[in-house]
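For reference, work_19.txt is printed below; it contains compact mmCIF, C-alpha atoms and all ligand atoms.
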# COMPACT_ATOMS: atom_id res chain seq x y z
CA MET B 1 111.21 91.96 70.74
CA GLY B 2 110.70 88.95 68.47
CA MET B 3 112.95 88.27 65.51
CA ILE B 4 110.25 86.63 63.41
CA GLU B 5 106.62 87.28 62.54
CA THR B 6 104.18 84.41 62.15
CA THR B 7 100.68 83.95 60.78
CA LEU B 8 98.40 80.98 60.11
CA ASP B 9 95.63 81.54 57.60
CA GLY B 10 93.54 78.84 55.91
CA GLY B 11 96.09 76.15 56.72
CA VAL B 12 98.98 78.25 55.31
CA ALA B 13 101.57 79.08 57.96
CA THR B 14 104.07 81.87 57.40
CA ILE B 15 107.33 82.51 59.25
CA CYS B 16 108.89 85.82 58.28
CA LEU B 17 112.50 86.38 59.35
CA ASP B 18 112.79 89.89 60.72
CA HIS B 19 116.18 90.59 62.29
CA PHE B 20 117.55 93.14 59.86
CA GLY B 21 120.30 94.40 62.23
CA LYS B 22 122.13 91.05 61.91
CA ARG B 23 120.87 90.32 58.40
CA ASN B 24 118.82 87.41 59.74
CA ALA B 25 122.00 85.56 60.81
CA LEU B 26 120.90 82.25 62.36
CA ALA B 27 121.85 82.94 65.98
CA ALA B 28 120.53 80.57 68.66
CA PRO B 29 117.67 82.89 69.80
CA LEU B 30 116.41 83.39 66.23
CA VAL B 31 116.64 79.66 65.52
CA GLN B 32 114.72 78.95 68.73
CA GLU B 33 111.91 81.28 67.63
CA ILE B 34 111.63 79.47 64.27
CA VAL B 35 111.70 76.05 65.93
CA ASP B 36 109.00 77.13 68.43
CA ALA B 37 106.88 78.53 65.60
CA LEU B 38 107.14 75.28 63.63
CA GLU B 39 106.17 73.32 66.74
CA ASP B 40 103.17 75.61 67.26
CA PHE B 41 102.14 75.21 63.59
CA ARG B 42 102.48 71.44 63.90
CA ARG B 43 100.09 71.47 66.89
CA ARG B 44 97.64 73.68 64.99
CA GLU B 45 97.82 71.30 62.01
CA ALA B 46 99.14 73.76 59.43
CA ARG B 47 99.05 72.17 55.98
CA VAL B 48 102.01 74.05 54.53
CA ALA B 49 104.60 76.49 55.90
CA ILE B 50 106.31 79.36 54.09
CA LEU B 51 109.70 80.52 55.32
CA ARG B 52 110.46 84.00 54.07
CA ALA B 53 112.05 87.34 54.89
CA ARG B 54 110.57 90.84 54.71
CA PRO B 55 109.78 92.12 51.21
CA GLY B 56 112.61 94.21 49.78
CA VAL B 57 115.48 92.74 51.82
CA LYS B 58 118.88 92.46 50.14
CA VAL B 59 119.91 89.59 52.44
CA TRP B 60 117.49 86.71 53.09
CA SER B 61 119.89 85.39 55.75
CA ALA B 62 123.61 85.85 56.40
CA GLY B 63 123.91 82.23 57.58
CA HIS B 64 125.25 80.84 60.83
CA ASP B 65 125.98 83.51 63.42
CA VAL B 66 129.77 83.55 63.23
CA GLU B 67 129.98 85.08 66.73
CA GLU B 68 128.53 81.80 68.05
CA LEU B 69 131.05 79.54 66.32
CA PRO B 70 133.67 78.09 68.70
CA GLU B 71 137.16 79.54 68.22
CA GLY B 72 138.74 76.13 67.65
CA ARG B 73 139.28 72.53 68.79
CA ARG B 74 135.54 71.80 68.96
CA ASP B 75 133.16 70.63 66.24
CA PRO B 76 131.45 73.88 65.19
CA LEU B 77 128.45 72.19 63.58
CA GLY B 78 127.58 69.31 65.90
CA TRP B 79 124.28 67.41 66.26
CA ASP B 80 122.84 69.70 68.99
CA ASP B 81 123.95 73.03 67.56
CA PRO B 82 121.10 75.39 66.64
CA LEU B 83 121.55 75.13 62.87
CA ARG B 84 121.33 71.31 62.94
CA LEU B 85 118.26 71.51 65.17
CA LEU B 86 116.54 73.89 62.75
CA ILE B 87 117.31 71.73 59.75
CA ARG B 88 115.90 68.62 61.44
CA CYS B 89 112.75 70.60 62.39
CA VAL B 90 112.22 71.64 58.78
CA GLU B 91 112.84 68.11 57.52
CA ASN B 92 110.56 66.55 60.14
CA PHE B 93 107.76 69.11 59.86
CA PRO B 94 104.78 67.00 58.73
CA ALA B 95 103.73 69.38 55.95
CA PRO B 96 105.73 70.89 53.07
CA VAL B 97 107.95 73.86 53.90
CA ILE B 98 108.37 76.36 51.05
CA ALA B 99 111.35 78.73 51.12
CA MET B 100 110.47 82.04 49.44
CA ILE B 101 113.71 83.84 48.71
CA GLU B 102 114.58 87.44 47.98
CA GLY B 103 118.21 88.52 48.27
CA GLY B 104 121.35 86.74 49.39
CA VAL B 105 121.38 83.37 51.14
CA TRP B 106 124.70 82.64 52.83
CA GLY B 107 126.35 79.56 54.34
CA GLY B 108 124.19 77.74 56.85
CA ALA B 109 121.10 79.56 55.58
CA CYS B 110 121.74 78.01 52.19
CA GLU B 111 121.52 74.60 53.82
CA VAL B 112 118.28 75.58 55.58
CA VAL B 113 116.84 76.56 52.20
CA MET B 114 118.03 73.29 50.62
CA ALA B 115 116.37 71.39 53.49
CA CYS B 116 113.03 73.04 52.62
CA ASP B 117 110.79 70.99 50.39
CA LEU B 118 110.28 73.63 47.70
CA VAL B 119 112.19 76.80 46.86
CA ILE B 120 110.73 79.82 45.05
CA ALA B 121 113.31 82.50 44.30
CA ALA B 122 113.17 86.08 43.05
CA PRO B 123 115.62 87.00 40.27
CA ASN B 124 117.79 88.87 42.83
CA ALA B 125 118.25 85.75 44.99
CA THR B 126 121.79 84.38 45.32
CA PHE B 127 123.11 81.30 47.06
CA ALA B 128 126.58 80.86 48.59
CA VAL B 129 128.17 77.84 50.28
CA THR B 130 130.77 79.47 52.54
CA PRO B 131 132.74 77.01 54.75
CA ALA B 132 135.90 77.50 52.67
CA LYS B 133 135.64 81.28 53.11
CA LEU B 134 135.79 80.89 56.89
CA GLY B 135 137.97 77.77 57.13
CA VAL B 136 135.09 75.72 58.61
CA PRO B 137 134.60 71.95 58.08
CA TYR B 138 131.17 71.18 56.67
CA ASN B 139 129.18 68.55 58.49
CA ILE B 140 128.16 65.27 56.93
CA SER B 141 124.38 65.64 56.78
CA GLY B 142 124.79 69.17 55.42
CA MET B 143 126.92 67.80 52.60
CA LEU B 144 124.25 65.21 51.89
CA THR B 145 121.54 67.88 51.74
CA PHE B 146 123.52 69.62 48.99
CA MET B 147 124.38 66.43 47.14
CA ASN B 148 120.68 65.57 47.08
CA GLY B 149 119.83 69.09 45.85
CA ALA B 150 122.16 69.62 42.90
CA ALA B 151 124.62 67.94 40.57
CA LEU B 152 127.95 67.03 42.19
CA ARG B 153 129.91 69.37 39.91
CA VAL B 154 127.75 72.34 40.92
CA VAL B 155 128.07 71.42 44.61
CA LYS B 156 131.86 71.26 44.18
CA GLU B 157 132.04 74.62 42.42
CA MET B 158 129.94 76.29 45.11
CA ALA B 159 131.93 74.65 47.93
CA PHE B 160 135.39 75.32 46.47
CA THR B 161 134.83 78.93 45.32
CA ALA B 162 132.42 80.01 48.13
CA LYS B 163 131.03 82.48 45.56
CA PRO B 164 127.30 83.20 45.38
CA ILE B 165 125.50 81.79 42.36
CA SER B 166 122.58 83.62 40.75
CA ALA B 167 118.93 82.59 40.90
CA GLY B 168 119.09 81.67 37.21
CA ARG B 169 122.08 79.39 37.75
CA ALA B 170 120.40 77.87 40.82
CA LEU B 171 117.32 77.14 38.70
CA ARG B 172 119.39 75.44 35.98
CA ALA B 173 121.17 73.42 38.70
CA ASP B 174 117.82 72.29 40.19
CA LEU B 175 118.56 73.99 43.51
CA VAL B 176 115.32 75.97 43.22
CA ASN B 177 111.91 75.09 41.77
CA HIS B 178 110.98 78.44 40.19
CA VAL B 179 112.40 81.91 39.66
CA VAL B 180 109.55 84.44 39.71
CA PRO B 181 109.66 88.24 39.24
CA LEU B 182 109.78 90.16 42.49
CA ASP B 183 106.34 91.70 42.09
CA GLU B 184 104.77 88.26 41.50
CA ILE B 185 106.68 86.06 43.96
CA GLU B 186 104.27 86.43 46.85
CA ALA B 187 101.14 85.67 44.77
CA PHE B 188 102.93 82.75 43.08
CA THR B 189 104.15 81.22 46.35
CA TYR B 190 100.83 81.54 48.17
CA ALA B 191 98.95 80.11 45.15
CA MET B 192 101.25 77.07 45.31
CA ALA B 193 100.64 76.83 49.05
CA ARG B 194 96.87 76.85 48.47
CA ASP B 195 97.26 74.05 45.85
CA ILE B 196 99.00 71.99 48.53
CA VAL B 197 96.34 72.78 51.15
CA ALA B 198 93.66 71.51 48.72
CA ASN B 199 95.29 68.06 48.67
CA ALA B 200 95.22 65.16 51.16
CA PRO B 201 97.48 66.09 54.12
CA LEU B 202 98.20 62.54 55.28
CA SER B 203 99.23 61.48 51.79
CA ILE B 204 101.58 64.49 51.56
CA ALA B 205 103.03 64.00 55.06
CA VAL B 206 103.78 60.35 54.32
CA MET B 207 105.37 61.11 50.92
CA LYS B 208 107.53 63.81 52.54
CA GLU B 209 108.73 61.34 55.17
CA GLN B 210 109.29 58.60 52.56
CA LEU B 211 111.38 60.97 50.44
CA ARG B 212 113.37 62.12 53.49
CA ILE B 213 114.24 58.57 54.46
CA LEU B 214 114.99 57.45 50.90
CA ALA B 215 117.14 60.54 50.16
CA GLY B 216 119.27 59.69 53.20
CA ALA B 217 119.57 55.99 52.39
CA HIS B 218 123.28 56.01 51.65
CA PRO B 219 124.93 53.05 53.35
CA MET B 220 128.25 53.92 54.98
CA SER B 221 130.66 51.69 56.83
CA PRO B 222 131.66 52.61 60.41
CA GLN B 223 135.21 53.08 59.11
CA GLY B 224 133.98 55.43 56.37
CA PHE B 225 132.04 57.48 58.92
CA GLU B 226 135.03 57.70 61.26
CA ARG B 227 137.24 58.72 58.34
CA VAL B 228 134.93 61.60 57.36
CA GLN B 229 134.60 62.78 60.99
CA GLY B 230 138.39 62.56 61.37
CA LEU B 231 138.85 64.70 58.24
CA ARG B 232 136.50 67.33 59.65
CA ARG B 233 138.50 67.40 62.86
CA LEU B 234 141.67 68.16 60.89
CA VAL B 235 139.91 71.38 59.85
CA TYR B 236 138.45 72.54 63.16
CA ASP B 237 141.72 71.81 64.96
CA SER B 238 143.69 73.84 62.41
CA GLU B 239 145.26 77.30 62.66
CA ASP B 240 143.28 78.25 59.55
CA TYR B 241 139.95 77.61 61.32
CA ALA B 242 140.89 79.92 64.21
CA GLU B 243 142.17 82.50 61.71
CA GLY B 244 138.92 82.42 59.69
CA ILE B 245 136.75 83.10 62.73
CA ARG B 246 139.15 85.76 64.07
CA ALA B 247 139.28 87.54 60.71
CA PHE B 248 135.48 87.67 60.48
CA LYS B 249 135.22 89.20 63.94
CA GLU B 250 138.00 91.70 63.15
CA LYS B 251 136.29 92.55 59.81
CA ARG B 252 139.40 91.76 57.72
CA LYS B 253 140.42 89.24 55.08
CA PRO B 254 141.75 85.97 56.51
CA VAL B 255 145.29 84.77 55.74
CA TYR B 256 145.31 80.99 55.27
CA HIS B 257 148.34 78.66 55.28
CA GLY B 258 146.69 75.25 54.90
CA ARG B 259 147.59 74.01 58.38
O1 LIG E 301 128.85 95.52 62.65
P1 LIG E 301 127.52 95.08 63.22
O2 LIG E 301 127.55 94.80 64.67
O3 LIG E 301 126.38 95.97 62.79
O4 LIG E 301 127.19 93.67 62.53
C1 LIG E 301 127.14 93.52 61.12
C2 LIG E 301 127.71 92.16 60.78
O5 LIG E 301 128.87 91.83 61.52
C3 LIG E 301 126.53 91.28 61.17
N1 LIG E 301 126.58 89.98 60.46
C4 LIG E 301 126.80 88.82 61.06
N2 LIG E 301 127.04 88.50 62.34
C5 LIG E 301 127.24 87.20 62.64
N3 LIG E 301 127.21 86.22 61.72
C6 LIG E 301 126.96 86.47 60.43
N4 LIG E 301 126.93 85.48 59.53
C7 LIG E 301 126.75 87.84 60.03
N5 LIG E 301 126.52 88.48 58.86
C8 LIG E 301 126.42 89.77 59.15
O6 LIG E 301 125.38 92.00 60.75
C9 LIG E 301 125.66 93.40 60.74
C10 LIG E 301 125.34 93.93 59.37
O7 LIG E 301 126.27 93.33 58.48
P2 LIG E 301 126.94 94.16 57.28
O8 LIG E 301 127.22 95.56 57.69
O9 LIG E 301 128.07 93.33 56.76
O10 LIG E 301 125.71 94.18 56.22
P3 LIG E 301 125.76 94.33 54.64
O11 LIG E 301 124.33 94.50 54.23
O12 LIG E 301 126.76 95.37 54.21
O13 LIG E 301 126.30 92.93 54.08
C11 LIG E 301 125.51 91.77 54.23
C12 LIG E 301 126.37 90.51 54.00
C13 LIG E 301 125.47 89.29 54.24
C14 LIG E 301 126.87 90.48 52.55
C15 LIG E 301 127.58 90.54 54.99
O14 LIG E 301 127.08 90.83 56.30
C16 LIG E 301 128.32 89.24 55.03
O15 LIG E 301 129.13 88.93 54.12
N6 LIG E 301 128.05 88.43 56.05
C17 LIG E 301 128.68 87.13 56.22
C18 LIG E 301 128.10 86.14 55.26
C19 LIG E 301 128.72 84.77 55.45
O16 LIG E 301 129.88 84.56 55.13
N7 LIG E 301 127.97 83.86 56.05
C20 LIG E 301 128.43 82.55 56.42
C21 LIG E 301 128.41 82.43 57.90
S1 LIG E 301 129.21 80.93 58.47
C22 LIG E 301 128.12 79.70 58.15
O17 LIG E 301 127.02 79.91 57.74
C23 LIG E 301 128.54 78.25 58.44
C24 LIG E 301 129.47 78.13 59.54
S2 LIG E 301 129.18 77.57 56.90
O18 LIG E 301 130.01 78.59 56.26
O19 LIG E 301 129.98 76.38 57.30
O20 LIG E 301 128.03 77.18 56.12
How does the structure come out when it is put into structure tokens?
Ligand code: YXS
Amino acid sequence: MGMIETTLDGGVATICLDHFGKRNALAAPLVQEIVDALEDFRRREARVAILRARPGVKVWSAGHDVEELPEGRRDPLGWDDPLRLLIRCVENFPAPVIAMIEGGVWGGACEVVMACDLVIAAPNATFAVTPAKLGVPYNISGMLTFMNGAALRVVKEMAFTAKPISAGRALRADLVNHVVPLDEIEAFTYAMARDIVANAPLSIAVMKEQLRILAGAHPMSPQGFERVQGLRRLVYDSEDYAEGIRAFKEKRKPVYHGR
């Protein structure tokens, strides 16, 4: 059985996450379904895509599937891992992708939402950046996505505390475009989608690509890159990393020692 539902109506594509049993955790099979759906919508020339979950959910997505994270000594968030693939698909989709959010957005799902072009949140939406909760090193492009989405101080608070922030706080921090009451969010989001469909698709596709390239135009020396990758390795080679993953699987609080 599929883990998403898709529709395409009047140029507006919808992908609805529908894997309640795992709280829409971004496991490889679910990610593959989303990637395939985006590819299909690209072929059918969708003019906007909406990424959403079922109405009434308490969790929009629980983030990366922790069961799929390596237990140590390997980069857990490398270039070809499903989460990175999904984020590149969203960024490279030739039409705007709108994230419509009800409920909690955790870890890697938070990055997926930040990679979307527009974010419409219900008042019950929350956003948590969780690597420090699990002892995971964040990857470089993920960091950049956040730095481009919100003020550095807010990014630091979210990263260091790993605590969810409210929709209201996310709005003030520019992480989301609008917070809309639950009973209006669908009408609001689809009205915005129709506004986009009414405009010139090539102009929009080119502006999206321009903004993607310009937002990533941070020059970095080879030494700087190697330094950041080396720092990440310190984390995924550590005892704390293995402990974080083990603790999640054993459904207990991790005990960290900083080594
Ligand atoms: O016990 P069963 O088999 O029914 O499974 C449970 C959970 O174990 C499972 N589940 C997950 N499995 C893998 N990866 C996940 N991220 C994940 N989240 C949940 O789903 C079943 C139902 O979960 P349960 O009973 O806890 O549901 P709940 O409604 O009481 O609570 C929902 C949550 C989201 C508050 C809770 O499940 C939770 O705290 N999940 C973990 C959230 C989180 O820390 N996500 C970050 C994942 S790591 C990640 O994204 C990156 C590596 S990073 O951190 O670097 O960005």
Discussion item. Using only C-alpha atoms and all ligand atoms, which residues of the polymer chains come no farther than 9 Å from ligand LIG 301 (chain E)? I'd like the answer as a PyMOL selection string.
Written reply: chain B and resi 20-27+58-69+76-77+83+104-111+128-139+142+162+245+248-249+251
Quick one: 5 Å padding each side, axis-aligned, all listed atoms of segment 47-58 of chain B - centre and edge lengths in Å to one decimal, as lines of an AutoDock Vina configuration file?
center_x = 109.0
center_y = 83.2
center_z = 52.9
size_x = 29.8
size_y = 32.0
size_z = 16.2
Fill in: Interatomic distance (Å, one decimal) between atom CA of Gln32 of chain B and atom CA of Thr7 of chain B
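Result for atom CA of Gln32 of chain B versus atom CA of Thr7 of chain B: 16.9 Å, one decimal.
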Please identify all polymer residues within 10 Å of Met207 of chain B, counting only C-alpha atoms, omitting same-chain residues fewer than 5 positions from it, and present them as an mmCIF file with C-alpha atoms, keeping the file's coordinate frame.
data_model
loop_
_atom_site.group_PDB
_atom_site.id
_atom_site.type_symbol
_atom_site.label_atom_id
_atom_site.label_comp_id
_atom_site.auth_asym_id
_atom_site.auth_seq_id
_atom_site.Cartn_x
_atom_site.Cartn_y
_atom_site.Cartn_z
ATOM 1 C CA PRO B 94 104.780 67.000 58.730
ATOM 2 C CA ALA B 95 103.730 69.380 55.950
ATOM 3 C CA PRO B 201 97.480 66.090 54.120
ATOM 4 C CA LEU B 202 98.200 62.540 55.280
ATOM 5 C CA ARG B 212 113.370 62.120 53.490
ATOM 6 C CA ILE B 213 114.240 58.570 54.460
#
Fill in: Distance criterion (all atoms listed in the file): nearest to Val155 of chain B out of B:Cys89, B:Ala187, B:Val57, B:Met114
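Closest candidate: B:Met114.
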